[in-house]
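*Asks:* Below is the file my_file14.cif, with mmCIF, C-alpha atoms.
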data_entry
loop_
_atom_site.label_atom_id
_atom_site.label_comp_id
_atom_site.auth_asym_id
_atom_site.auth_seq_id
_atom_site.Cartn_x
_atom_site.Cartn_y
_atom_site.Cartn_z
CA MET A 289 -31.88 24.98 -39.87
CA SER A 290 -29.75 28.04 -39.15
CA ASP A 291 -32.89 29.80 -37.97
CA LEU A 292 -33.61 26.94 -35.56
CA LEU A 293 -30.03 27.04 -34.28
CA HIS A 294 -30.34 30.80 -33.87
CA GLN A 295 -33.62 30.39 -32.00
CA LEU A 296 -31.94 27.85 -29.68
CA GLY A 297 -29.04 30.24 -29.17
CA ILE A 298 -26.46 27.91 -30.68
CA ASP A 299 -23.50 29.91 -31.93
CA TRP A 300 -20.24 28.42 -33.15
CA LYS A 301 -18.15 30.99 -31.24
CA LEU A 302 -19.92 30.12 -27.99
CA LEU A 303 -19.60 26.42 -28.80
CA ALA A 304 -15.86 26.86 -29.35
CA SER A 305 -15.40 28.88 -26.18
CA GLN A 306 -17.38 26.38 -24.09
CA GLY A 307 -15.36 23.57 -25.70
CA VAL A 308 -12.05 25.29 -24.95
CA ASN A 309 -13.32 25.90 -21.42
CA PHE A 310 -14.05 22.23 -20.91
CA LEU A 311 -10.81 21.05 -22.54
CA ILE A 312 -8.76 23.39 -20.31
CA LEU A 313 -10.55 21.94 -17.30
CA LEU A 314 -10.04 18.37 -18.54
CA VAL A 315 -6.30 18.87 -19.08
CA ALA A 316 -5.83 20.76 -15.80
CA LEU A 317 -7.74 18.25 -13.70
CA THR A 318 -5.99 15.34 -15.44
CA TYR A 319 -2.51 16.66 -14.64
CA LEU A 320 -3.23 18.37 -11.32
CA VAL A 321 -5.72 16.04 -9.66
CA TRP A 322 -6.63 12.76 -11.35
CA ARG A 323 -3.18 11.46 -12.25
CA PRO A 324 -1.38 12.55 -9.04
CA LEU A 325 -4.19 11.12 -6.91
CA LEU A 326 -4.34 7.87 -8.90
CA ASN A 327 -0.53 7.59 -8.79
CA VAL A 328 -0.46 8.15 -5.04
CA MET A 329 -3.25 5.60 -4.55
CA LYS A 330 -1.46 3.14 -6.82
CA ASP A 331 1.90 3.70 -5.07
CA ARG A 332 0.23 3.27 -1.70
CA ARG A 333 -1.48 0.06 -2.87
CA ILE A 334 1.87 -1.25 -4.17
CA LYS A 335 3.56 -0.32 -0.88
CA ILE A 336 0.84 -2.01 1.14
CA GLU A 337 1.07 -5.10 -1.05
CA GLU A 338 4.86 -5.08 -0.71
CA GLY A 339 4.54 -4.57 3.04
CA LEU A 340 2.15 -7.50 3.33
CA LYS A 341 4.44 -9.59 1.14
CA VAL A 342 7.47 -8.64 3.25
CA THR A 343 5.48 -9.42 6.41
CA ASP A 344 4.57 -12.83 5.00
CA GLU A 345 8.19 -13.42 4.05
CA ALA A 346 9.36 -12.28 7.48
CA GLU A 347 6.86 -14.59 9.15
CA GLU A 348 7.97 -17.42 6.88
CA ARG A 349 11.61 -16.66 7.69
CA LEU A 350 10.79 -16.45 11.38
CA ARG A 351 9.10 -19.83 11.17
CA SER A 352 12.10 -21.31 9.34
CA ILE A 353 14.45 -19.67 11.88
CA ASP A 354 12.40 -21.18 14.71
CA LYS A 355 12.55 -24.54 12.99
CA LEU A 356 16.28 -24.14 12.44
CA LYS A 357 16.69 -23.06 16.05
CA GLU A 358 14.81 -26.14 17.18
CA GLU A 359 16.90 -28.35 14.92
CA LYS A 360 20.09 -26.68 16.14
CA SER A 361 18.92 -27.03 19.71
CA VAL A 362 18.27 -30.74 19.22
CA GLU A 363 21.60 -31.07 17.46
CA ALA A 364 23.33 -29.12 20.23
CA ASP A 365 21.66 -31.33 22.86
CA ARG A 366 22.80 -34.38 20.95
CA GLU A 367 26.30 -32.95 20.62
CA ALA A 368 26.36 -31.97 24.29
CA LEU A 369 25.28 -35.49 25.25
CA ARG A 370 27.94 -36.94 22.98
CA VAL A 371 30.58 -34.62 24.46
CA VAL A 372 29.47 -35.42 28.00
CA THR A 373 29.44 -39.16 27.27
CA GLU A 374 32.81 -38.93 25.62
CA ALA A 375 34.16 -36.81 28.48
CA GLU A 376 32.75 -39.32 30.96
CA ALA A 377 34.39 -42.16 29.10
CA ARG A 378 37.66 -40.29 28.89
CA GLY A 379 37.31 -39.33 32.54
CA ASN A 380 36.74 -42.90 33.52
CA GLU A 381 39.70 -43.93 31.43
CA LYS A 382 41.83 -41.20 33.00
CA LYS A 383 40.51 -42.15 36.42
CA GLY A 384 41.58 -45.76 35.84
CA GLU A 385 44.97 -44.59 34.70
CA ILE A 386 45.32 -42.28 37.69
CA ILE A 387 44.21 -45.03 40.10
CA GLU A 388 46.54 -47.49 38.46
CA ASN A 389 49.39 -44.98 38.63
CA ALA A 390 48.53 -44.18 42.21
CA GLU A 391 48.47 -47.85 43.11
CA LYS A 392 51.79 -48.32 41.38
CA MET A 393 53.21 -45.33 43.19
CA THR A 394 51.74 -46.55 46.47
CA ASP A 395 53.27 -49.97 45.92
CA ALA A 396 56.59 -48.40 45.07
CA LEU A 397 56.40 -46.13 48.10
CA LEU A 398 55.37 -48.97 50.33
CA LYS A 399 58.11 -51.12 48.94
CA SER A 400 60.61 -48.32 49.39
CA ALA A 401 59.36 -47.66 52.93
CA GLN A 402 59.50 -51.36 53.68
CA GLU A 403 63.01 -51.51 52.36
CA GLN A 404 63.96 -48.48 54.35
CA ALA A 405 62.32 -49.93 57.45
CA ASP A 406 64.11 -53.21 56.86
CA ARG A 407 67.36 -51.39 56.45
CA GLN A 408 66.74 -49.43 59.61
CA ALA A 409 65.71 -52.56 61.50
CA LYS A 410 68.83 -54.31 60.25
CA ALA A 411 70.98 -51.37 61.25
CA GLU A 412 69.28 -51.26 64.63
CA GLU A 413 69.74 -54.94 65.05
CA ASP A 414 73.37 -54.63 64.11
CA ARG A 415 73.78 -51.82 66.58
CA ILE A 416 72.00 -53.79 69.28
CA MET A 417 74.12 -56.81 68.47
CA ARG A 418 77.24 -54.74 68.73
CA TYR A 419 76.03 -53.33 71.99
CA ALA A 420 75.10 -56.77 73.17
CA ARG A 421 78.48 -58.14 72.14
CA GLU A 422 80.15 -55.35 73.98
CA LEU A 423 77.88 -55.93 76.94
CA VAL A 424 78.49 -59.67 76.89
CA THR A 425 82.18 -59.08 76.55
CA GLN A 426 82.14 -56.71 79.51
CA VAL A 427 79.95 -59.04 81.54
CA VAL A 428 82.19 -61.98 80.77
CA SER A 429 85.31 -59.94 81.50
CA LYS A 430 83.86 -58.80 84.79
CA TYR A 431 82.88 -62.22 85.96
CA THR A 432 85.92 -64.02 84.62
CA ASP A 433 88.45 -61.30 85.12
CA LEU A 434 89.66 -61.83 81.65
CA ASP A 435 91.01 -59.16 79.41
CA PRO A 436 88.12 -58.22 77.10
CA SER A 437 90.43 -58.44 74.15
CA LYS A 438 91.27 -62.00 75.11
CA ILE A 439 87.71 -63.23 75.24
CA ASP A 440 86.94 -65.56 72.45
CA GLU A 441 85.32 -63.74 69.74
CA LYS A 442 83.77 -66.82 68.30
CA LEU A 443 82.21 -67.76 71.59
CA VAL A 444 80.57 -64.36 71.95
CA THR A 445 79.27 -64.50 68.43
CA LYS A 446 77.83 -67.93 69.02
CA ALA A 447 76.19 -66.75 72.21
CA LEU A 448 74.69 -63.82 70.53
CA ALA A 449 73.47 -65.92 67.68
CA GLN A 450 71.83 -68.19 70.19
CA LEU A 451 70.31 -65.14 71.88
CA LYS A 452 69.03 -63.82 68.66
CA LYS A 453 67.57 -67.15 67.77
CA GLU A 454 65.78 -67.39 71.07
CA ARG A 455 64.46 -63.89 70.82
CA VAL A 456 62.97 -64.63 67.41
CA MET B 196 -39.97 38.17 -12.86
CA HIS B 197 -37.49 38.50 -15.69
CA GLU B 198 -38.19 37.19 -19.14
CA ILE B 199 -37.52 33.48 -19.62
CA SER B 200 -35.30 32.89 -22.60
CA ILE B 201 -34.03 29.66 -24.14
CA LYS B 202 -30.99 31.53 -25.35
CA ALA B 203 -28.31 32.60 -22.91
CA GLU B 204 -28.31 36.38 -22.52
CA GLU B 205 -25.37 38.44 -23.74
CA ILE B 206 -23.64 40.34 -20.93
CA PHE B 207 -20.74 42.09 -22.59
CA TYR B 208 -18.62 42.01 -25.71
CA LEU B 209 -14.95 41.20 -26.21
CA GLY B 210 -14.48 42.75 -29.62
CA THR B 211 -17.17 41.07 -31.68
CA PHE B 212 -17.41 38.11 -29.35
CA ALA B 213 -20.49 38.22 -27.13
CA VAL B 214 -19.92 36.80 -23.66
CA THR B 215 -23.13 35.23 -22.37
CA ASN B 216 -24.17 34.77 -18.75
CA SER B 217 -23.91 30.98 -19.02
CA LEU B 218 -20.40 31.24 -20.48
CA LEU B 219 -19.46 33.59 -17.64
CA LEU B 220 -20.61 31.10 -14.99
CA ALA B 221 -18.89 28.26 -16.89
CA ILE B 222 -15.64 30.27 -16.85
CA ILE B 223 -16.07 31.00 -13.12
CA THR B 224 -16.70 27.27 -12.53
CA VAL B 225 -13.52 26.38 -14.42
CA LEU B 226 -11.55 29.01 -12.44
CA LEU B 227 -12.88 27.61 -9.16
CA PHE B 228 -11.86 24.13 -10.26
CA LEU B 229 -8.40 25.37 -11.27
CA ILE B 230 -7.90 27.11 -7.90
CA VAL B 231 -8.93 23.97 -6.00
CA ALA B 232 -6.82 21.76 -8.30
CA VAL B 233 -3.69 23.90 -7.89
CA TRP B 234 -4.26 24.08 -4.13
CA MET B 235 -4.70 20.31 -4.00
CA ARG B 236 -1.70 19.50 -6.19
CA GLY B 237 0.87 20.33 -3.50
CA ARG B 238 -1.10 18.58 -0.80
CA ILE B 239 -1.39 15.12 -2.32
CA LEU B 240 0.60 12.96 0.06
CA MET B 241 1.36 9.28 0.45
CA ILE B 242 -0.14 9.45 3.95
CA PRO B 243 -3.41 11.28 3.26
CA GLY B 244 -4.98 14.01 5.38
CA LYS B 245 -8.71 14.16 6.10
CA LEU B 246 -9.59 16.04 2.90
CA GLN B 247 -7.44 13.82 0.71
CA SER B 248 -9.00 10.75 2.36
CA ILE B 249 -12.47 12.04 1.45
CA PHE B 250 -11.37 12.68 -2.16
CA GLU B 251 -9.80 9.24 -2.36
CA LEU B 252 -12.93 7.65 -0.93
CA LEU B 253 -15.04 9.39 -3.60
CA ILE B 254 -12.59 8.40 -6.34
CA GLU B 255 -12.57 4.79 -5.10
CA SER B 256 -16.38 4.75 -5.15
CA GLY B 257 -16.34 6.23 -8.67
CA LEU B 258 -13.78 3.67 -9.80
CA ASP B 259 -15.91 0.85 -8.35
CA VAL B 260 -18.89 2.07 -10.41
CA MET B 261 -16.66 2.31 -13.49
CA ASP B 262 -15.27 -1.18 -12.82
CA SER B 263 -18.79 -2.58 -12.97
CA VAL B 264 -19.17 -1.13 -16.47
CA LEU B 265 -15.66 -1.45 -17.91
CA GLY B 266 -14.84 -4.72 -16.16
CA SER B 267 -11.27 -3.75 -15.35
CA ARG B 268 -9.62 -1.42 -12.83
CA LYS B 269 -6.91 -0.57 -15.34
CA LEU B 270 -9.47 0.66 -17.90
CA SER B 271 -11.35 2.52 -15.16
CA GLU B 272 -8.20 4.37 -14.11
CA ARG B 273 -7.40 5.21 -17.74
CA HIS B 274 -10.85 6.72 -18.40
CA LEU B 275 -11.41 8.31 -14.99
CA PRO B 276 -10.11 11.77 -16.04
CA LEU B 277 -12.66 12.12 -18.86
CA ILE B 278 -15.63 10.63 -17.02
CA GLY B 279 -14.74 12.29 -13.71
CA THR B 280 -14.25 15.70 -15.28
CA ILE B 281 -17.56 15.51 -17.17
CA PHE B 282 -19.36 14.48 -13.99
CA LEU B 283 -17.76 17.10 -11.72
CA PHE B 284 -18.01 19.95 -14.23
CA ILE B 285 -21.69 19.36 -14.95
CA MET B 286 -22.61 18.74 -11.31
CA ILE B 287 -20.76 21.73 -9.84
CA SER B 288 -21.93 24.08 -12.61
CA ASN B 289 -25.52 22.87 -12.03
CA TRP B 290 -25.18 23.51 -8.31
CA LEU B 291 -23.58 26.92 -8.85
CA GLY B 292 -26.61 27.71 -11.03
CA LEU B 293 -28.79 27.29 -7.93
CA LEU B 294 -26.97 29.94 -5.88
CA PRO B 295 -29.09 33.00 -4.99
CA ILE B 296 -26.86 35.33 -7.02
CA VAL B 297 -27.70 33.40 -10.18
CA GLY B 298 -30.79 34.82 -11.79
CA SER B 299 -31.28 37.58 -9.21
CA VAL B 300 -28.14 39.65 -9.79
CA GLY B 301 -28.09 41.29 -13.19
CA ILE B 302 -28.12 44.37 -15.33
CA GLU B 303 -31.27 46.42 -15.70
CA THR B 304 -31.60 48.40 -18.91
CA MET B 305 -34.26 50.48 -20.59
CA ASP B 306 -35.27 49.12 -23.99
CA HIS B 307 -37.93 51.01 -25.98
CA GLY B 308 -39.40 52.34 -22.75
CA TYR B 309 -39.47 48.92 -21.06
CA HIS B 310 -37.32 47.78 -18.17
CA THR B 311 -35.23 44.82 -19.25
CA PHE B 312 -33.46 42.70 -16.67
CA THR B 313 -30.52 40.58 -17.80
CA PRO B 314 -29.19 38.12 -15.17
CA LEU B 315 -25.43 38.23 -14.77
CA PHE B 316 -25.17 34.49 -14.33
CA ARG B 317 -27.04 31.51 -15.71
CA ALA B 318 -26.53 27.80 -15.11
CA PRO B 319 -24.18 26.69 -17.92
CA ALA B 320 -26.29 23.60 -18.64
CA ALA B 321 -29.30 25.86 -19.18
CA ASP B 322 -27.55 26.94 -22.39
CA LEU B 323 -27.50 24.54 -25.33
CA ASN B 324 -23.99 25.69 -26.33
CA PHE B 325 -22.64 24.14 -23.15
CA THR B 326 -24.54 20.85 -23.37
CA VAL B 327 -23.97 20.42 -27.11
CA VAL B 328 -20.24 20.97 -26.83
CA ILE B 329 -19.86 18.54 -23.95
CA ALA B 330 -21.96 15.99 -25.84
CA MET B 331 -19.77 16.53 -28.93
CA ILE B 332 -16.59 16.13 -26.89
CA SER B 333 -18.05 13.02 -25.30
CA VAL B 334 -18.98 11.44 -28.66
CA VAL B 335 -15.65 12.38 -30.26
CA ALA B 336 -13.82 10.95 -27.23
CA ILE B 337 -15.82 7.71 -27.55
CA GLN B 338 -14.72 7.41 -31.21
CA VAL B 339 -11.07 8.29 -30.44
CA LEU B 340 -10.90 5.83 -27.55
CA GLY B 341 -12.54 3.17 -29.72
CA VAL B 342 -9.98 3.71 -32.48
CA THR B 343 -7.12 3.69 -29.93
CA ALA B 344 -8.35 0.45 -28.39
CA MET B 345 -9.31 -1.49 -31.51
CA GLY B 346 -7.68 0.21 -34.45
CA PHE B 347 -9.16 2.50 -37.07
CA PHE B 348 -10.54 -0.06 -39.52
CA LYS B 349 -11.89 -2.47 -36.94
CA HIS B 350 -13.62 0.33 -35.07
CA PHE B 351 -15.23 1.89 -38.11
CA SER B 352 -16.09 -1.49 -39.64
CA LYS B 353 -19.04 -1.61 -37.27
CA TYR B 354 -20.53 1.40 -39.11
CA PHE B 355 -19.43 0.63 -42.64
CA THR B 356 -19.55 -3.01 -43.61
CA LEU B 357 -20.51 -4.88 -46.75
CA LYS B 358 -20.74 -8.31 -45.14
CA ASN B 359 -24.47 -8.49 -45.73
CA PRO B 360 -27.22 -5.94 -46.46
CA ILE B 361 -28.69 -6.14 -42.94
CA LEU B 362 -25.35 -5.41 -41.27
CA THR B 363 -24.72 -2.60 -43.75
CA PHE B 364 -28.07 -1.03 -42.87
CA VAL B 365 -27.58 -1.56 -39.10
CA GLY B 366 -24.09 -0.06 -39.38
CA LEU B 367 -25.41 3.03 -41.10
CA LEU B 368 -28.11 3.35 -38.45
CA GLU B 369 -25.42 3.12 -35.76
CA PHE B 370 -23.40 5.79 -37.55
CA VAL B 371 -26.42 8.10 -37.62
CA GLY B 372 -27.01 7.08 -33.98
CA GLU B 373 -23.64 8.60 -33.05
CA PHE B 374 -24.93 12.02 -34.16
CA VAL B 375 -28.23 11.38 -32.46
CA LYS B 376 -26.27 10.76 -29.27
CA ILE B 377 -25.12 14.38 -29.38
CA VAL B 378 -28.71 15.57 -29.67
CA SER B 379 -29.92 13.13 -27.01
CA PHE B 380 -27.13 13.97 -24.54
CA SER B 381 -27.38 17.69 -24.99
CA PHE B 382 -31.16 18.10 -25.00
CA ARG B 383 -31.63 15.77 -21.99
CA LEU B 384 -29.24 17.82 -19.86
CA PHE B 385 -30.41 21.15 -21.22
CA GLY B 386 -34.08 20.22 -20.80
CA ASN B 387 -33.71 19.14 -17.19
CA VAL B 388 -31.60 22.07 -16.03
CA PHE B 389 -33.51 24.68 -18.01
CA ALA B 390 -36.84 23.29 -16.79
CA GLY B 391 -35.53 23.36 -13.22
CA GLU B 392 -34.45 26.96 -13.63
CA VAL B 393 -37.84 27.94 -15.05
CA LEU B 394 -39.60 26.04 -12.27
CA LEU B 395 -37.58 27.87 -9.61
CA ILE B 396 -38.27 31.26 -11.23
CA ILE B 397 -42.00 30.60 -11.37
CA ILE B 398 -42.24 29.16 -7.85
CA GLY B 399 -40.07 32.02 -6.53
CA PHE B 400 -42.33 34.50 -8.27
CA LEU B 401 -45.58 32.94 -7.03
CA VAL B 402 -44.55 32.05 -3.45
CA PRO B 403 -41.19 33.64 -2.63
CA TYR B 404 -40.84 32.21 0.90
CA ILE B 405 -40.43 28.59 2.09
CA LEU B 406 -42.18 26.92 -0.85
CA PRO B 407 -39.15 27.16 -3.19
CA LEU B 408 -37.04 25.22 -0.67
CA PRO B 409 -38.25 21.68 -1.57
CA PHE B 410 -37.83 22.58 -5.23
CA LEU B 411 -34.31 23.83 -4.54
CA PHE B 412 -33.48 20.49 -2.90
CA LEU B 413 -35.07 18.74 -5.88
CA GLU B 414 -32.88 20.78 -8.21
CA VAL B 415 -29.76 19.91 -6.16
CA PHE B 416 -30.68 16.27 -6.69
CA VAL B 417 -31.47 16.84 -10.38
CA GLY B 418 -28.11 18.60 -10.79
CA PHE B 419 -26.37 15.55 -9.37
CA ILE B 420 -28.45 12.95 -11.19
CA GLN B 421 -28.16 14.64 -14.59
CA ALA B 422 -24.38 14.86 -14.23
CA PHE B 423 -24.34 11.21 -13.18
CA ILE B 424 -26.52 10.16 -16.15
CA PHE B 425 -24.35 12.10 -18.60
CA ALA B 426 -21.14 10.60 -17.19
CA MET B 427 -22.60 7.08 -16.98
CA LEU B 428 -23.89 7.18 -20.57
CA THR B 429 -20.49 8.38 -21.77
CA LEU B 430 -18.91 5.59 -19.71
CA VAL B 431 -21.20 2.93 -21.18
CA PHE B 432 -20.51 4.10 -24.75
CA VAL B 433 -16.76 4.24 -24.01
CA ALA B 434 -16.99 0.69 -22.62
CA MET B 435 -18.80 -0.47 -25.78
CA ALA B 436 -16.13 1.20 -27.92
CA VAL B 437 -13.04 -0.07 -26.09
CA ARG B 438 -14.14 -3.59 -25.22
CA THR B 439 -13.81 -5.83 -28.25
CA ASP B 440 -16.28 -8.38 -26.92
CA ALA B 441 -18.95 -5.71 -26.39
CA ALA B 442 -18.35 -3.93 -29.67
CA HIS B 443 -20.69 -6.06 -31.77
#
Rewrite the structure from the file as structure tokens, please.
*Replies:*
Amino acid sequence: MSDLLHQLGIDWKLLASQGVNFLILLVALTYLVWRPLLNVMKDRRIKIEEGLKVTDEAEERLRSIDKLKEEKSVEADREALRVVTEAEARGNEKKGEIIENAEKMTDALLKSAQEQADRQAKAEEDRIMRYARELVTQVVSKYTDLDPSKIDEKLVTKALAQLKKERV
Amino acid sequence: MHEISIKAEEIFYLGTFAVTNSLLLAIITVLLFLIVAVWMRGRILMIPGKLQSIFELLIESGLDVMDSVLGSRKLSERHLPLIGTIFLFIMISNWLGLLPIVGSVGIETMDHGYHTFTPLFRAPAADLNFTVVIAMISVVAIQVLGVTAMGFFKHFSKYFTLKNPILTFVGLLEFVGEFVKIVSFSFRLFGNVFAGEVLLIIIGFLVPYILPLPFLFLEVFVGFIQAFIFAMLTLVFVAMAVRTDAAH
């Protein structure tokens, strides 16, 4: 057997050295190449998977945000319509109040103006009557040669009353 | 034409230890690997360059092949260092054995009045010491991985069982088969590479120009295919050892 091994060149020292050679290479490649490369590939795969997951989540969130936006938009439209309707109602109410107030004020102003006009007309009438009385008194005193102070006051008043009545 | 020898030729001595030409080329191969590995180590990035992309593509392809045997990416990644190192070491050392300096550069001595030419380098797989030791490491690794995966007693119960006489006999045959694996692995690789080397020497001697080229290409292919066969067989036996469903 040992002769056969010798003929084939098998020697335990060479076996050991070739074995050590291979084991050194195995350890070196494991720690310098295989593991770092596998780790990088694994990390990259995890990152890509995470990225895809995050993208899916972002898309999902975007969809939910769009949905929420739509809902909020509808809600805002509804709220705006409600506010506008309410404002319109309140406006109409206010308008009624303002018109009513204005009418009241107009009435009061008209009434006040009427009263003032009446007062002025009365005053004017009184002034005219006084002037007329004076005029009548002067006319009578001129044509009767009577002292104006002696002319019957009652008669003048009656005449004026008659005049006033006829004028009306 | 130098003398064809099954044994690797001794080149020089370190004390009493004789360094052979195949051991020398194996050491050079390992050094080349170490240089490339150290150079690569600092250049492995999350965003790969062109070279890293090529390496990753090759590793991915290798892992896909391993997946088809092991059935799981996790197992493939765990066993990639062993299988990958066996494959690369054998393939690159086979290819280095085809370089023009191998076999043609050597030491010429006078021995009893005859010129003796000793090549400085020899393909490592053309030396049984190399193939036997890798086969031994492969078989030992298969056993260790089997024990790690299934436990000592469960793993070795497939060799030593007293359940029934047939299983006992089959178990013993399988146990002997583990040693036969070493012989089968080592002599297959040695035979192919050594035969290729002899073929190239003879063709080169008979027709030195042009004709050796197809044979060189054939040997490049043989170098790859033998490394692939060795790695795949190791992978299959590892798969049988670590997968409980495939163990029996």
*Asks:* Using the chain letters and residue numbers of this document, give as a VMD selection string the residues selected by the PyMOL selection byres ((chain B and resi 334-338) around 8).
*Replies:* chain B and resid 330 to 333 339 to 342 373 376 to 377 429 432 to 433 436
*Asks:* Would you write out those residues with C-alpha atoms, as a CSV table (one decimal), in the coordinates of the input?
*Replies:*
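Produced file part25.csv, reproduced below:
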chain,number,residue,atom,x,y,z
B,330,ALA,CA,-22.0,16.0,-25.8
B,331,MET,CA,-19.8,16.5,-28.9
B,332,ILE,CA,-16.6,16.1,-26.9
B,333,SER,CA,-18.0,13.0,-25.3
B,339,VAL,CA,-11.1,8.3,-30.4
B,340,LEU,CA,-10.9,5.8,-27.6
B,341,GLY,CA,-12.5,3.2,-29.7
B,342,VAL,CA,-10.0,3.7,-32.5
B,373,GLU,CA,-23.6,8.6,-33.0
B,376,LYS,CA,-26.3,10.8,-29.3
B,377,ILE,CA,-25.1,14.4,-29.4
B,429,THR,CA,-20.5,8.4,-21.8
B,432,PHE,CA,-20.5,4.1,-24.8
B,433,VAL,CA,-16.8,4.2,-24.0
B,436,ALA,CA,-16.1,1.2,-27.9
*Asks:* For the provided coordinates, the residues matched by the PyMOL selection byres ((chain B) within 7 of (chain A)) should be stated as a list in words.
*Replies:*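 For this structure, the PyMOL selection byres ((chain B) within 7 of (chain A)) captures Ile201, Lys202, Ala203, Leu218, Ile222, Val225, Leu229, Ala232, Val233, Arg236, Ile239, Met241, Pro276, Leu277, Thr280, Leu323, Asn324, Phe325, Val328 and Ile329 of chain B.
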*Asks:* Between CA of Met286 in chain B and CA of Ala320 in chain B, what distance in Å does the model show, to one decimal?
*Replies:* 9.5 Å
*Asks:* Hey, can you check how far CA of Ala321 in chain B sits from CA of Ile230 in chain B?
*Replies:*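 Atom-to-atom, CA of Ala321 in chain B and CA of Ile230 in chain B are spaced 24.2 Å apart.
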*Asks:* Identify, on the basis of all atoms listed in the file, every residue whose closest approach to Glu392 in chain B does not exceed 9 Å; exclude the query and any residue fewer than 4 positions from it along the same chain; express the result as a PyMOL selection string.
*Replies:* chain B and resi 292-293+298+317-318+321+387-388+396-397+414
*Asks:* Using Å and a single decimal, report how far CA of Asn216 in chain B sits from CA of Val300 in chain B.
*Replies:*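 Answer for the CA of Val300 in chain B to CA of Asn216 in chain B separation: 10.9 Å.
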*Asks:* Kindly list the centre and edge lengths in Å, rounded to one decimal, for the axis-aligned box that covers all listed atoms of range 339-350 of chain B plus 3 Å on each of its six sides, as AutoDock Vina command-line options.
*Replies:*
--center_x -10.4 --center_y 2.9 --center_z -33.5 --size_x 12.5 --size_y 16.8 --size_z 18.0
*Asks:* Near Ile416 in chain A, counting only C-alpha atoms, which residues have an atom at most 12 Å away, once you skip same-chain residues fewer than 6 positions from it, shown as a list in words?
*Replies:*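 Everything that qualifies: Gln408, Ala409, Lys410, Glu422, Leu423, Val424, Leu448, Leu451 and Lys452 of chain A.
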*Asks:* Given the selection you just returned, output its residues as a file containing C-alpha atoms, formatted as an mmCIF file, in the frame of the given file.
*Replies:*
data_model
loop_
_atom_site.group_PDB
_atom_site.id
_atom_site.type_symbol
_atom_site.label_atom_id
_atom_site.label_comp_id
_atom_site.auth_asym_id
_atom_site.auth_seq_id
_atom_site.Cartn_x
_atom_site.Cartn_y
_atom_site.Cartn_z
ATOM 1 C CA GLN A 408 66.740 -49.430 59.610
ATOM 2 C CA ALA A 409 65.710 -52.560 61.500
ATOM 3 C CA LYS A 410 68.830 -54.310 60.250
ATOM 4 C CA GLU A 422 80.150 -55.350 73.980
ATOM 5 C CA LEU A 423 77.880 -55.930 76.940
ATOM 6 C CA VAL A 424 78.490 -59.670 76.890
ATOM 7 C CA LEU A 448 74.690 -63.820 70.530
ATOM 8 C CA LEU A 451 70.310 -65.140 71.880
ATOM 9 C CA LYS A 452 69.030 -63.820 68.660
#
*Asks:* Find, counting only C-alpha atoms, the residue in B:Val417, B:Leu408, B:Ala422, B:Leu283 that gets nearest to Thr326 in chain B.
*Replies:*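 Using only C-alpha atoms, the shortest distance to Thr326 in chain B belongs to B:Ala422.
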*Asks:* What's the 10 Å shell around Met261 in chain B, counting only C-alpha atoms, without same-chain residues fewer than 6 positions away, as a ChimeraX atom specification?
*Replies:* /B:255,267-268,270-272,274-275,278,427,430-431,434
*Asks:* Calculated over all atoms listed in the file, which of the candidates B:Phe410, B:Trp234, B:Phe282, B:Phe316 has the smallest distance to Leu394 in chain B?
*Replies:* B:Phe410
*Asks:* Could you list as a list in words every residue that has an atom within 7 Å of (-23.9, 34.0, -23.6), using the file's coordinates and counting all atoms listed in the file?
*Replies:*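 The residues near that point, listed by chain and number, are Ala203, Glu204, Glu205, Ile206, Ala213, Val214, Thr215, Asn216, Ser217 and Leu218 of chain B.
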*Asks:* Given the point (77.6, -58.9, 73.4) in the coordinates of this file, which residues lie within 12 Å, counting only C-alpha atoms, and how would they look as a PyMOL selection string?
*Replies:* chain A and resi 414-429+436+439-452
*Asks:* Can you fill out range 237-244 of chain B with N, CA and C atoms and hand it back as a compact mmCIF listing (two decimals), in the frame of the given file?
*Replies:*
# COMPACT_ATOMS: atom_id res chain seq x y z
N GLY B 237 -0.26 20.39 -4.43
CA GLY B 237 0.87 20.33 -3.50
C GLY B 237 0.55 19.60 -2.22
N ARG B 238 -0.70 19.21 -2.07
CA ARG B 238 -1.10 18.58 -0.80
C ARG B 238 -1.45 17.11 -0.96
N ILE B 239 -1.12 16.55 -2.11
CA ILE B 239 -1.39 15.12 -2.32
C ILE B 239 -0.21 14.35 -1.74
N LEU B 240 -0.47 13.64 -0.66
CA LEU B 240 0.60 12.96 0.06
C LEU B 240 0.36 11.45 0.10
N MET B 241 1.46 10.75 0.34
CA MET B 241 1.36 9.28 0.45
C MET B 241 0.52 8.89 1.67
N ILE B 242 0.72 9.67 2.77
CA ILE B 242 -0.14 9.45 3.95
C ILE B 242 -1.19 10.56 3.92
N PRO B 243 -2.43 10.23 3.55
CA PRO B 243 -3.41 11.28 3.26
C PRO B 243 -3.94 11.97 4.52
N GLY B 244 -4.29 13.27 4.33
CA GLY B 244 -4.98 14.01 5.38
C GLY B 244 -6.47 13.70 5.27
